[in-house]
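query-v2.cif (mmCIF, C-alpha atoms)
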```cif
data_start
#
loop_
_atom_site.label_atom_id
_atom_site.label_comp_id
_atom_site.auth_asym_id
_atom_site.auth_seq_id
_atom_site.Cartn_x
_atom_site.Cartn_y
_atom_site.Cartn_z
CA GLU C 30 51.56 75.20 70.24
CA ILE C 31 51.86 74.10 73.85
CA LEU C 32 49.42 75.29 76.51
CA GLY C 33 50.45 74.76 80.12
CA LEU C 34 47.95 74.32 82.97
CA VAL C 35 49.66 75.09 86.25
CA GLY C 36 48.38 74.89 89.81
CA GLU C 37 48.73 73.10 93.10
CA ASN C 38 47.08 69.73 93.79
CA GLY C 39 43.30 69.85 93.94
CA ASN C 40 42.82 73.01 91.87
CA GLY C 41 41.17 71.42 88.82
CA LYS C 42 43.93 70.62 86.30
CA THR C 43 43.00 66.96 85.83
CA THR C 44 39.28 67.72 85.87
CA LEU C 45 39.73 70.31 83.11
CA LEU C 46 41.72 67.89 80.95
CA ARG C 47 39.11 65.18 81.44
CA LEU C 48 36.34 67.66 80.52
CA LEU C 49 38.22 68.71 77.38
CA CYS C 50 38.60 65.12 76.11
CA GLY C 51 34.99 64.18 76.84
CA GLU C 52 35.78 61.77 79.67
CA LEU C 53 33.72 63.97 82.03
CA VAL C 54 30.60 65.96 81.19
CA ALA C 55 30.27 69.54 82.44
CA THR C 56 27.29 70.30 84.69
CA SER C 57 27.10 73.83 83.26
CA GLY C 58 28.66 75.88 80.49
CA SER C 59 29.73 74.55 77.11
CA LEU C 60 32.85 73.58 75.18
CA HIS C 61 33.55 74.54 71.59
CA TYR C 62 36.33 73.04 69.47
CA ASN C 63 37.99 74.67 66.47
CA PHE C 64 37.81 71.48 64.45
CA LYS C 65 34.97 69.33 63.15
CA HIS C 66 34.01 66.15 64.97
CA ASP C 67 31.05 63.89 64.32
CA ASP C 68 30.41 62.45 67.78
CA LEU C 69 32.05 61.73 71.15
CA TYR C 70 34.02 58.81 69.69
CA ASP C 71 35.41 61.03 66.91
CA LEU C 72 36.21 63.76 69.46
CA ARG C 73 38.05 61.32 71.74
CA THR C 74 40.08 60.10 68.75
CA LYS C 75 41.20 63.65 67.96
CA LEU C 76 41.74 64.71 71.59
CA VAL C 77 43.98 62.06 73.12
CA TYR C 78 44.27 62.12 76.91
CA ILE C 79 47.31 60.66 78.67
CA PRO C 80 46.62 60.35 82.42
CA GLN C 81 49.35 60.73 85.03
CA ARG C 82 49.24 57.02 85.82
CA THR C 83 48.90 54.88 82.71
CA GLU C 84 47.85 51.26 82.59
CA THR C 85 50.49 48.52 82.49
CA TRP C 86 51.37 47.11 79.08
CA TYR C 87 52.20 43.45 78.54
CA GLY C 88 54.75 42.10 76.07
CA SER C 89 57.48 44.18 74.46
CA MET C 90 57.12 47.88 73.82
CA PHE C 91 57.66 47.35 70.07
CA GLU C 92 54.86 44.74 69.89
CA ASN C 93 52.50 47.04 71.75
CA LEU C 94 53.26 49.91 69.40
CA GLN C 95 52.72 47.65 66.36
CA PHE C 96 49.35 46.60 67.78
CA THR C 97 48.37 50.25 68.30
CA ALA C 98 49.44 51.13 64.74
CA ALA C 99 47.35 48.26 63.33
CA THR C 100 44.36 49.29 65.43
CA TYR C 101 44.51 52.86 64.08
CA GLY C 102 44.62 51.93 60.42
CA TYR C 103 48.26 51.51 59.41
CA ASN C 104 48.44 48.71 56.87
CA PRO C 105 50.85 45.79 57.41
CA GLU C 106 53.42 47.13 54.92
CA GLU C 107 53.79 50.45 56.74
CA ASN C 108 53.20 49.26 60.32
CA ALA C 109 56.77 48.33 61.31
CA LEU C 110 58.15 51.35 59.44
CA ILE C 111 55.94 53.90 61.22
CA VAL C 112 56.64 52.29 64.61
CA GLU C 113 60.40 52.42 63.94
CA LEU C 114 60.08 56.06 62.87
CA ILE C 115 58.24 57.08 66.04
CA ILE C 116 60.50 55.19 68.45
CA SER C 117 63.55 56.66 66.70
CA ARG C 118 62.05 60.15 66.91
CA LEU C 119 61.58 59.72 70.67
CA GLY C 120 64.97 58.07 71.29
CA LEU C 121 63.51 54.71 72.29
CA ARG C 122 65.18 52.25 69.91
CA LYS C 123 67.32 50.56 72.54
CA PHE C 124 64.22 49.94 74.70
CA ARG C 125 62.05 48.43 71.95
CA LYS C 126 62.23 44.87 73.38
CA HIS C 127 61.77 45.96 77.00
CA SER C 128 58.69 45.18 79.04
CA TRP C 129 56.71 47.82 80.91
CA LYS C 130 58.07 46.78 84.31
CA SER C 131 61.70 47.19 83.20
CA LEU C 132 61.30 50.88 82.27
CA SER C 133 61.74 54.02 84.36
CA SER C 134 58.89 56.53 84.71
CA GLY C 135 60.47 58.78 82.09
CA TYR C 136 60.66 56.05 79.47
CA LYS C 137 57.15 54.86 80.29
CA MET C 138 55.92 58.40 79.56
CA ARG C 139 57.84 58.46 76.27
CA PHE C 140 56.43 55.09 75.19
CA GLU C 141 52.93 56.23 76.11
CA LEU C 142 53.57 59.33 74.01
CA ALA C 143 54.72 57.15 71.10
CA ARG C 144 51.54 55.09 71.41
CA MET C 145 49.37 58.22 71.38
CA LEU C 146 51.18 59.66 68.34
CA LEU C 147 50.25 56.53 66.39
CA ARG C 148 46.61 57.51 66.90
CA LYS C 149 47.16 60.68 64.77
CA PRO C 150 45.52 63.10 67.22
CA LYS C 151 44.89 66.81 66.68
CA ILE C 152 45.58 67.60 70.34
CA LEU C 153 47.39 65.73 73.12
CA LEU C 154 46.10 66.34 76.65
CA ILE C 155 48.81 65.21 79.08
CA ASP C 156 48.27 65.12 82.84
CA GLU C 157 51.34 65.76 85.03
CA PRO C 158 53.97 64.39 82.62
CA LEU C 159 56.80 65.78 84.79
CA ALA C 160 55.69 64.06 88.01
CA ASN C 161 58.15 61.46 89.31
CA LEU C 162 60.85 62.46 86.80
CA ASP C 163 64.30 63.75 87.65
CA ILE C 164 65.34 67.11 86.17
CA LEU C 165 67.17 65.57 83.20
CA ALA C 166 64.20 63.35 82.31
CA GLN C 167 61.89 66.38 82.65
CA GLN C 168 63.99 68.36 80.18
CA THR C 169 64.06 65.43 77.74
CA VAL C 170 60.28 64.96 77.87
CA LEU C 171 59.69 68.71 77.46
CA GLU C 172 62.04 68.72 74.46
CA ASP C 173 59.99 65.84 72.99
CA PHE C 174 56.83 67.92 73.44
CA ARG C 175 58.41 70.97 71.74
CA ALA C 176 59.49 68.83 68.77
CA ILE C 177 56.02 67.29 68.43
CA ALA C 178 54.26 70.66 68.65
CA LYS C 179 56.54 72.20 66.01
CA SER C 180 56.83 69.17 63.72
CA PRO C 181 56.89 70.17 60.04
CA PHE C 182 55.39 66.77 59.19
CA ARG C 183 52.30 66.88 61.42
CA PRO C 184 52.33 69.42 64.26
CA ILE C 185 50.12 68.50 67.20
CA GLY C 186 48.73 70.88 69.80
CA ILE C 187 49.63 69.94 73.36
CA VAL C 188 47.92 70.84 76.62
CA LEU C 189 49.90 69.72 79.65
CA SER C 190 49.27 70.09 83.34
CA SER C 191 51.93 70.49 85.99
CA GLN C 192 52.72 71.91 89.39
CA GLN C 193 56.09 73.10 88.07
CA LEU C 194 55.56 76.64 86.85
CA TYR C 195 59.14 77.39 85.76
CA GLU C 196 59.52 74.37 83.46
CA VAL C 197 56.05 74.82 81.97
CA GLU C 198 56.59 78.55 81.37
CA LYS C 199 59.85 77.83 79.50
CA THR C 200 58.16 75.32 77.21
CA SER C 201 54.64 76.67 76.69
CA SER C 202 53.40 79.38 74.36
CA GLN C 203 50.67 80.14 76.91
CA VAL C 204 50.22 79.28 80.60
CA ILE C 205 46.96 79.16 82.54
CA PHE C 206 47.25 79.20 86.33
CA LEU C 207 44.36 77.45 88.10
CA LYS C 208 43.37 78.21 91.67
CA LEU C 209 40.24 76.55 93.12
CA GLY C 210 39.07 75.66 89.62
CA LYS C 211 39.31 79.19 88.24
CA GLN C 212 41.88 80.91 86.06
CA LYS C 213 44.08 83.32 88.01
CA ASN C 214 46.54 85.94 86.87
CA LEU C 215 50.06 84.67 87.57
CA HIS C 216 51.40 88.16 88.20
CA ASN C 217 48.62 89.40 90.48
CA THR C 218 49.58 89.09 94.15
CA THR C 219 46.03 89.39 95.52
#
```
Using structure tokens, write down the structure from this file.
Amino acid sequence: EILGLVGENGNGKTTLLRLLCGELVATSGSLHYNFKHDDLYDLRTKLVYIPQRTETWYGSMFENLQFTAATYGYNPEENALIVELIISRLGLRKFRKHSWKSLSSGYKMRFELARMLLRKPKILLIDEPLANLDILAQQTVLEDFRAIAKSPFRPIGIVLSSQQLYEVEKTSSQVIFLKLGKQKNLHNTT
């Protein structure tokens, strides 16, 4: 399933994502998850947040993905295989030796997505993945999200934020429109 959070700048999309993943703590109300987690660390392992601007990686993309796989428990025999599988799935094989600085925004997002998939999350929380992408790159990234959400191997729930209602509506099974931090009905004109 894909849930889209839509709204203009400053209406609470990023704040909501950061609350959901445990990066921020709510001053009132409560959050309940439909899966078991032991503590905040366990929750943040299962709910992986990809911010709009990700940190720079150093070295080749393939090496970074191998390091992530090792960190999250893949043994040496399966490490290179799982990394090859994920980069093939996301169409990144020809960029495996590239550095972060040599990639476009669209490919940076796809490599960040590959890195997060290696963490075996239950839910991906992705902030403004369509920002700074041309229309073709947007469609490719959205197709990646659909494939991940519907994967027969290990489907992953996705919550993504965007200002682009049309693209998010086409991709998402549900859309929440935020206005001044509150959910609004998309079809209500008042």
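Remark: for Met138 in chain C, the closest of the candidate residues C:Leu209, C:Leu119, C:Ala109, C:Leu69 is C:Leu119 (distances computed over all atoms listed in the file).
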query = Any idea what's packed within 12 Å of Lys151 in chain C, counting all atoms listed in the file, ignoring anything in its chain fewer than 2 positions away? Could you give it as a ChimeraX atom specification?
reply = /C:30,50,62-66,71-78,145-149,153-154,177-178,183-188
Could those selected residues go to a file with C-alpha atoms, as a short mmCIF file (atom, residue, chain, number, x, y, z; two decimals), keeping the file's coordinate frame?
```cif
data_model
loop_
_atom_site.label_atom_id
_atom_site.label_comp_id
_atom_site.auth_asym_id
_atom_site.auth_seq_id
_atom_site.Cartn_x
_atom_site.Cartn_y
_atom_site.Cartn_z
CA GLU C 30 51.56 75.20 70.24
CA CYS C 50 38.60 65.12 76.11
CA TYR C 62 36.33 73.04 69.47
CA ASN C 63 37.99 74.67 66.47
CA PHE C 64 37.81 71.48 64.45
CA LYS C 65 34.97 69.33 63.15
CA HIS C 66 34.01 66.15 64.97
CA ASP C 71 35.41 61.03 66.91
CA LEU C 72 36.21 63.76 69.46
CA ARG C 73 38.05 61.32 71.74
CA THR C 74 40.08 60.10 68.75
CA LYS C 75 41.20 63.65 67.96
CA LEU C 76 41.74 64.71 71.59
CA VAL C 77 43.98 62.06 73.12
CA TYR C 78 44.27 62.12 76.91
CA MET C 145 49.37 58.22 71.38
CA LEU C 146 51.18 59.66 68.34
CA LEU C 147 50.25 56.53 66.39
CA ARG C 148 46.61 57.51 66.90
CA LYS C 149 47.16 60.68 64.77
CA LEU C 153 47.39 65.73 73.12
CA LEU C 154 46.10 66.34 76.65
CA ILE C 177 56.02 67.29 68.43
CA ALA C 178 54.26 70.66 68.65
CA ARG C 183 52.30 66.88 61.42
CA PRO C 184 52.33 69.42 64.26
CA ILE C 185 50.12 68.50 67.20
CA GLY C 186 48.73 70.88 69.80
CA ILE C 187 49.63 69.94 73.36
CA VAL C 188 47.92 70.84 76.62
#
```
CA of Phe91 in chain C to CA of Lys123 in chain C, straight-line distance in Å =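 These atoms are spaced 10.5 Å apart.
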Counting only C-alpha atoms, which residues come within 12 Å of (64.1, 51.7, 67.9), with the point read in the file's coordinates, and could you list them as a CSV table (one decimal) with C-alpha atoms, keeping the file's coordinate frame?
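Wrote it out as part-v3.csv, contents follow:
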```csv
chain,number,residue,atom,x,y,z
C,89,SER,CA,57.5,44.2,74.5
C,90,MET,CA,57.1,47.9,73.8
C,91,PHE,CA,57.7,47.4,70.1
C,92,GLU,CA,54.9,44.7,69.9
C,94,LEU,CA,53.3,49.9,69.4
C,109,ALA,CA,56.8,48.3,61.3
C,110,LEU,CA,58.2,51.4,59.4
C,111,ILE,CA,55.9,53.9,61.2
C,112,VAL,CA,56.6,52.3,64.6
C,113,GLU,CA,60.4,52.4,63.9
C,114,LEU,CA,60.1,56.1,62.9
C,115,ILE,CA,58.2,57.1,66.0
C,116,ILE,CA,60.5,55.2,68.4
C,117,SER,CA,63.6,56.7,66.7
C,118,ARG,CA,62.0,60.2,66.9
C,119,LEU,CA,61.6,59.7,70.7
C,120,GLY,CA,65.0,58.1,71.3
C,121,LEU,CA,63.5,54.7,72.3
C,122,ARG,CA,65.2,52.2,69.9
C,123,LYS,CA,67.3,50.6,72.5
C,124,PHE,CA,64.2,49.9,74.7
C,125,ARG,CA,62.0,48.4,72.0
C,126,LYS,CA,62.2,44.9,73.4
C,127,HIS,CA,61.8,46.0,77.0
C,140,PHE,CA,56.4,55.1,75.2
C,143,ALA,CA,54.7,57.2,71.1
```
remark   = Between CA of Leu189 in chain C and CA of Phe206 in chain C lies a distance of 11.9 Å
query = What is the CA of Gln193 in chain C-CA of Leu49 in chain C distance in Å, reported with one decimal?
reply = 21.3 Å
task = Convert the output of the PyMOL selection byres ((chain C and resi 162) around 12) on the shown file into explicit residues, formatted as a ChimeraX atom specification.
result = /C:81,133-139,157-161,163-171,193
request  = Let me know the residues the PyMOL selection byres ((chain C and resi 194) around 10) catches in the file above, as number ranges by chain.
outcome  = C: 33-37, 190-193, 195-199, 204-206, 215
key: Hits of the PyMOL selection byres ((chain C and resi 86) around 10) in this structure, as a list in words   =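 Expected selection for the PyMOL selection byres ((chain C and resi 86) around 10) here is Thr83, Glu84, Thr85, Tyr87, Gly88, Ser89, Met90, Asn93, Ser128, Trp129, Lys130, Lys137 and Glu141 of chain C.
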Return as lines of an AutoDock Vina configuration file the centre and edge lengths, in Å with one decimal, of the box along x, y and z that encloses every atom of range 167-178 of chain C in the file, padded by 8 Å per side.
```
center_x = 59.2
center_y = 68.0
center_z = 75.5
size_x = 25.8
size_y = 22.0
size_z = 30.2
```
message = Env of Val54 in chain C: 12 Å cut, atoms = all atoms listed in the file, seq-sep filter 6 positions within chain, self excluded. Answer as number ranges by chain.
response = C: 44-48, 60, 69
message = Need the shell around Asn108 in chain C: protein/DNA/RNA residues with any atom at most 7 Å away, counting all atoms listed in the file. Skip same-chain ones fewer than 4 positions apart. Format as a VMD selection string?
response = chain C and resid 95 98 to 99 103 to 104 112
